[in-house]
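Asker: Quick one, target-v1.txt (compact mmCIF, C-alpha atoms):
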# COMPACT_ATOMS: atom_id res chain seq x y z
CA MET A 1 0.00 0.00 0.00
CA ILE A 2 1.40 3.36 -1.01
CA HIS A 3 0.84 6.31 1.30
CA CYS A 4 0.88 9.75 -0.25
CA ILE A 5 2.92 12.25 1.71
CA GLU A 6 1.14 15.59 1.70
CA GLU A 7 3.26 18.63 2.31
CA LEU A 8 1.74 21.21 4.60
CA LEU A 9 1.73 24.77 3.31
CA ILE A 10 3.38 27.12 5.79
CA GLY A 11 3.42 30.43 3.98
CA LEU A 12 4.46 32.45 0.95
CA LEU A 13 7.85 33.90 0.14
CA GLU A 14 7.92 37.00 -2.05
CA LEU A 15 11.12 38.18 -3.68
CA GLY A 16 11.57 41.47 -5.49
CA VAL A 17 14.71 41.92 -7.58
CA LEU A 18 15.16 45.67 -8.00
CA ASN A 19 18.61 46.38 -9.45
CA ALA A 20 22.28 45.42 -9.36
CA CYS A 21 24.61 48.33 -8.66
CA GLY A 22 28.29 48.81 -8.19
CA SER A 23 29.42 46.07 -10.56
CA ASN A 24 33.12 45.67 -11.03
CA PRO A 25 34.37 47.92 -13.86
CA SER A 26 36.29 44.97 -15.32
CA HIS A 27 32.95 43.54 -16.44
CA GLN A 28 31.79 46.65 -18.27
CA ASN A 29 32.42 45.09 -21.69
CA THR A 30 30.39 41.96 -21.04
CA ARG A 31 27.29 41.39 -23.09
CA ARG A 32 24.35 41.00 -20.73
CA LYS A 33 23.78 40.70 -17.01
CA GLY A 34 21.05 38.45 -15.68
CA CYS A 35 19.88 37.51 -12.19
CA VAL A 36 19.03 33.90 -11.21
CA ALA A 37 17.06 32.98 -8.08
CA LYS A 38 16.74 29.50 -6.61
CA TYR A 39 14.47 28.27 -3.83
CA GLY A 40 14.26 24.52 -3.36
CA HIS A 41 13.76 22.90 -6.75
CA LYS A 42 12.26 26.05 -8.31
CA TRP A 43 14.31 28.37 -10.47
CA PHE A 44 13.53 31.87 -11.70
CA ARG A 45 15.51 34.13 -13.97
CA THR A 46 15.14 37.81 -14.68
CA ARG A 47 15.44 39.35 -18.08
CA THR A 48 18.98 40.26 -19.01
CA GLY A 49 20.18 43.80 -18.49
CA LEU A 50 21.12 46.27 -21.17
CA VAL A 51 24.40 45.90 -22.99
CA ASP A 52 27.36 47.58 -21.24
CA ASN A 53 25.13 48.64 -18.35
CA LEU A 54 26.86 48.57 -14.98
CA CYS A 55 23.63 49.11 -13.03
CA PRO A 56 20.79 47.15 -14.67
CA LYS A 57 17.28 47.58 -13.29
CA TYR A 58 15.02 44.53 -13.16
CA ASN A 59 11.99 45.45 -10.98
CA GLU A 60 10.66 41.89 -11.10
CA GLN A 61 8.77 39.96 -8.43
CA TYR A 62 8.55 36.23 -7.74
CA THR A 63 6.49 34.21 -5.27
CA TRP A 64 7.17 30.77 -3.81
CA GLU A 65 5.06 28.50 -1.65
CA VAL A 66 6.95 27.60 1.52
CA PHE A 67 6.63 24.06 2.88
CA ASP A 68 9.87 23.83 4.83
CA PRO A 69 11.23 26.79 6.87
CA SER A 70 14.74 25.33 6.91
CA MET A 71 15.26 25.86 3.17
CA VAL A 72 17.33 28.76 1.88
CA LEU A 73 17.00 31.32 -0.89
CA THR A 74 19.98 31.85 -3.19
CA VAL A 75 20.34 34.70 -5.68
CA ALA A 76 23.23 35.26 -8.08
CA VAL A 77 24.15 37.56 -10.98
CA PHE A 78 25.77 36.29 -14.18
CA ASP A 79 27.08 37.63 -17.45
CA ASN A 80 24.93 35.76 -19.93
CA PHE A 81 27.00 34.85 -23.00
CA LEU A 82 24.29 33.80 -25.43
CA ILE A 83 26.50 33.99 -28.51
CA GLY A 84 28.75 31.00 -29.06
CA GLU A 85 28.74 27.52 -27.61
CA LYS A 86 30.86 26.00 -24.92
CA GLY A 87 34.06 24.55 -26.24
CA THR A 88 37.46 25.65 -27.36
CA ASN A 89 36.27 28.92 -28.82
CA GLY A 90 33.02 29.26 -26.93
CA ASN A 91 32.18 31.33 -23.89
CA LYS A 92 30.76 30.31 -20.55
CA ASP A 93 28.38 32.30 -18.39
CA LEU A 94 30.66 34.41 -16.20
CA LYS A 95 29.69 34.61 -12.54
CA ILE A 96 29.66 38.15 -11.19
CA GLY A 97 28.67 37.28 -7.63
CA LYS A 98 26.25 35.49 -5.37
CA VAL A 99 24.23 36.57 -2.38
CA CYS A 100 24.89 34.42 0.67
CA SER A 101 22.04 32.00 1.30
CA ILE A 102 19.07 33.64 3.04
CA ARG A 103 17.35 31.31 5.51
CA ILE A 104 13.58 31.55 5.68
CA SER A 105 13.58 30.67 9.39
CA THR A 106 15.48 33.90 10.15
CA LEU A 107 12.86 36.16 8.52
CA GLU A 108 10.21 37.88 10.60
CA MET A 109 6.67 37.16 9.44
CA GLY A 110 5.02 39.99 7.52
CA ARG A 111 8.08 42.23 7.51
CA VAL A 112 9.53 43.57 4.27
CA TYR A 113 13.31 43.38 4.12
CA THR A 114 14.74 45.86 1.62
CA HIS A 115 18.50 45.73 1.58
CA SER A 116 21.45 45.92 -0.75
CA TYR A 117 23.15 42.55 -0.45
CA PRO A 118 26.84 42.26 -1.41
CA LEU A 119 27.68 40.12 -4.42
CA LEU A 120 30.54 37.87 -3.34
CA VAL A 121 32.67 35.66 -5.55
CA LEU A 122 35.59 33.41 -4.64
CA HIS A 123 38.90 34.16 -6.38
CA PRO A 124 42.26 32.42 -5.92
CA THR A 125 43.31 35.41 -3.81
CA GLY A 126 40.21 35.19 -1.58
CA VAL A 127 36.62 36.39 -1.39
CA LYS A 128 35.99 39.57 -3.38
CA LYS A 129 33.01 41.91 -3.47
CA MET A 130 31.85 42.46 -7.06
CA GLY A 131 28.94 44.80 -6.42
CA GLU A 132 25.57 44.96 -4.69
CA LEU A 133 22.15 43.51 -5.44
CA HIS A 134 19.10 45.39 -4.23
CA LEU A 135 16.41 42.94 -3.07
CA ALA A 136 13.05 43.12 -1.31
CA ILE A 137 12.00 40.00 0.63
CA ARG A 138 8.85 39.22 2.59
CA PHE A 139 7.70 36.03 4.26
CA THR A 140 3.97 35.70 4.96
CA CYS A 141 2.73 32.93 7.26
CA VAL A 142 -0.44 31.21 6.05
CA SER A 143 -0.85 28.60 8.80
CA PHE A 144 0.80 29.12 12.18
CA VAL A 145 -0.12 25.58 13.28
CA ASN A 146 1.57 24.01 10.26
CA MET A 147 4.69 26.07 10.88
CA LYS A 148 4.93 24.91 14.50
CA TYR A 149 4.35 21.33 13.39
CA SER A 150 7.16 21.57 10.81
CA TYR A 151 9.62 22.53 13.55
CA SER A 152 8.70 19.39 15.52
CA LYS A 153 9.69 17.10 12.62
CA PRO A 154 13.28 16.05 11.89
CA LEU A 155 15.05 17.80 9.02
CA LEU A 156 15.78 14.56 7.15
CA PRO A 157 13.77 11.33 6.69
CA LYS A 158 14.06 8.71 9.41
CA MET A 159 15.91 6.27 7.16
CA HIS A 160 18.72 8.81 6.75
CA TYR A 161 19.45 8.59 10.49
CA VAL A 162 19.06 4.78 10.64
CA ARG A 163 21.20 4.01 7.58
CA PRO A 164 23.04 7.19 6.53
CA PHE A 165 24.81 7.45 3.19
CA SER A 166 28.58 7.31 3.04
CA VAL A 167 30.61 10.28 1.82
CA ILE A 168 31.28 8.58 -1.54
CA LYS A 169 27.57 7.91 -2.12
CA GLN A 170 26.69 11.48 -1.16
CA ASP A 171 29.21 12.77 -3.70
CA MET A 172 27.76 10.54 -6.44
CA LEU A 173 24.18 11.52 -5.62
CA ARG A 174 25.13 15.20 -5.51
CA HIS A 175 26.52 15.12 -9.05
CA GLN A 176 23.54 13.15 -10.34
CA ALA A 177 21.11 15.60 -8.71
CA VAL A 178 22.90 18.56 -10.30
CA ASN A 179 22.84 16.89 -13.73
CA ILE A 180 19.11 16.21 -13.41
CA ALA A 181 18.43 19.73 -12.15
CA ALA A 182 20.36 21.23 -15.08
CA MET A 183 18.34 19.37 -17.73
CA ARG A 184 15.08 21.32 -17.49
CA PRO A 185 16.60 24.85 -17.29
CA GLY A 186 18.91 23.86 -20.14
CA ARG A 187 15.91 23.25 -22.41
CA ALA A 188 14.39 26.65 -21.64
CA GLU A 189 14.65 29.60 -24.00
CA PRO A 190 17.13 31.16 -23.47
CA PRO A 191 18.83 28.17 -21.84
CA LEU A 192 20.28 28.24 -18.36
CA ARG A 193 23.68 26.66 -18.68
CA LYS A 194 25.03 23.90 -16.52
CA GLU A 195 27.79 25.99 -14.94
CA VAL A 196 25.12 28.33 -13.58
CA VAL A 197 23.25 25.44 -11.97
CA GLU A 198 26.46 24.06 -10.50
CA TYR A 199 27.43 27.44 -9.07
CA MET A 200 23.99 28.00 -7.55
CA SER A 201 23.92 24.48 -6.07
CA ASP A 202 27.42 24.74 -4.53
CA VAL A 203 28.39 21.47 -6.14
CA ASP A 204 32.11 21.97 -5.37
CA LEU A 205 31.62 23.08 -1.77
CA HIS A 206 32.92 19.78 -0.34
CA LEU A 207 36.05 19.68 -2.51
CA TRP A 208 39.49 20.33 -1.09
CA SER A 209 40.56 23.96 -1.19
CA MET A 210 43.89 25.55 -0.29
CA ARG A 211 42.12 28.65 1.01
CA ARG A 212 39.82 26.59 3.25
CA SER A 213 42.75 24.48 4.45
CA LYS A 214 44.72 27.58 5.40
CA ALA A 215 41.72 29.00 7.24
CA ASN A 216 41.24 25.76 9.20
CA PHE A 217 44.96 25.64 9.99
CA PHE A 218 44.94 29.17 11.38
CA ARG A 219 41.84 28.35 13.44
CA LEU A 220 43.65 25.37 14.99
CA MET A 221 46.69 27.54 15.67
CA THR A 222 44.47 30.04 17.46
CA VAL A 223 42.85 27.32 19.57
CA PHE A 224 46.18 25.78 20.63
CA SER A 225 48.10 29.06 20.87
CA GLY A 226 47.95 29.00 24.68
CA LEU A 227 49.40 25.49 24.79
CA PHE A 228 52.17 26.44 22.37
CA ALA A 229 52.99 29.55 24.43
CA ALA A 230 53.19 27.46 27.63
CA GLY A 231 55.51 24.96 25.93
CA LYS A 232 57.77 27.76 24.67
CA TRP A 233 57.85 29.32 28.14
CA PHE A 234 58.79 25.97 29.71
CA GLY A 235 61.51 25.48 27.09
CA ASP A 236 62.97 28.92 27.88
CA ILE A 237 63.09 27.97 31.58
CA CYS A 238 64.89 24.72 30.84
CA MET A 239 67.43 26.53 28.64
CA TRP A 240 68.05 29.26 31.29
CA LYS A 241 67.29 32.04 28.84
CA ASN A 242 65.98 34.15 31.73
CA PRO A 243 67.92 33.14 34.89
CA ILE A 244 65.72 35.12 37.28
CA THR A 245 62.55 33.42 36.03
CA THR A 246 64.24 30.00 36.14
CA VAL A 247 65.38 30.50 39.75
CA LEU A 248 61.95 31.68 40.84
CA VAL A 249 60.29 28.67 39.20
CA HIS A 250 62.72 26.30 40.99
CA VAL A 251 62.09 27.98 44.33
CA LEU A 252 58.34 27.74 43.77
CA TYR A 253 58.69 24.08 42.87
CA LEU A 254 60.65 23.36 46.10
CA ILE A 255 58.03 25.16 48.21
CA ILE A 256 55.20 23.18 46.60
CA ASP A 257 57.14 19.95 46.96
CA ALA A 258 57.84 20.59 50.65
CA PHE A 259 54.20 21.47 51.28
CA ILE A 260 53.01 18.31 49.58
CA TRP A 261 55.63 16.22 51.41
CA LEU A 262 54.38 17.43 54.82
CA ASN A 263 50.78 16.60 53.98
CA GLN A 264 51.30 13.23 52.33
CA GLN A 265 50.01 10.02 53.84
CA PRO A 266 52.58 7.75 55.49
CA SER A 267 52.21 5.12 52.79
CA TYR A 268 53.07 7.59 50.05
CA SER A 269 56.04 8.87 52.06
CA TYR A 270 57.27 5.30 52.53
CA MET A 271 56.98 4.69 48.75
CA ASN A 272 59.03 7.82 48.04
CA SER A 273 61.71 6.92 50.59
CA ASP A 274 61.89 3.35 49.28
CA SER A 275 62.30 4.62 45.71
CA ILE A 276 65.12 6.94 46.79
CA LYS A 277 66.81 4.11 48.70
CA GLN A 278 66.65 1.81 45.67
CA TYR A 279 68.04 4.58 43.46
CA PHE A 280 71.14 5.02 45.63
CA THR A 281 71.51 1.26 46.07
CA PHE A 282 71.60 0.65 42.31
CA GLY A 283 73.90 3.61 41.94
CA GLU A 284 76.50 2.12 44.25
CA THR A 285 76.37 -1.28 42.49
If you took the structure in this file and wrote it as structure tokens, what would it be?
Answerer:
Amino acid sequence: MIHCIEELLIGLLELGVLNACGSNPSHQNTRRKGCVAKYGHKWFRTRTGLVDNLCPKYNEQYTWEVFDPSMVLTVAVFDNFLIGEKGTNGNKDLKIGKVCSIRISTLEMGRVYTHSYPLLVLHPTGVKKMGELHLAIRFTCVSFVNMKYSYSKPLLPKMHYVRPFSVIKQDMLRHQAVNIAAMRPGRAEPPLRKEVVEYMSDVDLHLWSMRRSKANFFRLMTVFSGLFAAGKWFGDICMWKNPITTVLVHVLYLIIDAFIWLNQQPSYSYMNSDSIKQYFTFGET
């Protein structure tokens, strides 16, 4: 028997794409600028901007039905190279920047958020700001009961926690999902190319990166900096680099040792004396 899983409608998400300002002057000779928005499995694309326009105005509005408050909204701006095919002499859609994912759960119900979000893109030298995208966002709650019920459910299906996928299987499924997701937008007119879908889906987020490795290394160095400083200080004491500090540490050690010796139990004192006796006995032999 097959049970149909009915998704409960929580609310509506409205997105207004106003304009993209402050684009990098190095992109002023590109052909057309277009904005792509992704929420869940739904994709929307604005009309392309005017040729050689650094501040295209879109003034377009999109609406999504929200069934899961944990999903995110992603918006990016591309240079749409419609002339030429991909290949040796072809051109790919150049990414200008992407707005960091906006979580629906962080939005206040009924409030209109009108901000200029920075367009960020990752370069070999680091993250660079390529301009700003002016957006208007509003989340309207339709059923407060359904929203509370959605927070009581786990984020993933139960089978995922009982028998989770391995990292290799997740990588394979991720690439297959991106290929399937790129098929339908690729048949649209004008087509949405595969590199755009991959960039919006963060398909290479799990791959090894020198920049990410350096950042993680510096985080570990910050966490263990106190331990490293204590080891260096102890090494300086052993090497008598600062005689006054070394003498004070030895005096402090003798005071602590004498205090502990006076308060030890007789059995522990006998063990210490027996160890010292054996040491001198073996030394004489």
Asker: Quick one: of A:Val178, A:Glu132, A:Pro56, A:Arg184, who's nearest to Val197 (chain A), counting all atoms listed in the file?
Answerer: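 Nearest to Val197 (chain A): A:Val178.
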Asker: Could you check the closest approach to Tyr151 (chain A) for each of A:Met239, A:Ile10, A:Leu192, A:Met172 and tell me which residue wins, using all atoms listed in the file?
Answerer: A:Ile10
Asker: Pick from A:Gln61, A:Ser101, A:Asn19, A:Thr125: nearest to Arg212 (chain A), with all atoms listed in the file counted?
Answerer: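 Checking each candidate against Arg212 (chain A), we get A:Thr125 as the closest.
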Asker: Between A:His123, A:Trp64, A:Lys38, A:Leu18, which residue has the minimum interatomic distance to Arg211 (chain A), considering only C-alpha atoms?
Answerer: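 Nearest candidate to Arg211 (chain A) out of A:His123, A:Trp64, A:Lys38, A:Leu18: A:His123.
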Asker: Could you check which of A:Asn179, A:Val251, A:Val36, A:Lys169 is closest to Val203 (chain A), using all atoms listed in the file?
Answerer: A:Asn179
Asker: Please provide the set of residues having any atom within 6 Å of Gly97 (chain A), restricted to all atoms listed in the file, with same-chain residues fewer than 4 positions apart removed, written as a ChimeraX atom specification.
Answerer: /A:76-77,119-121
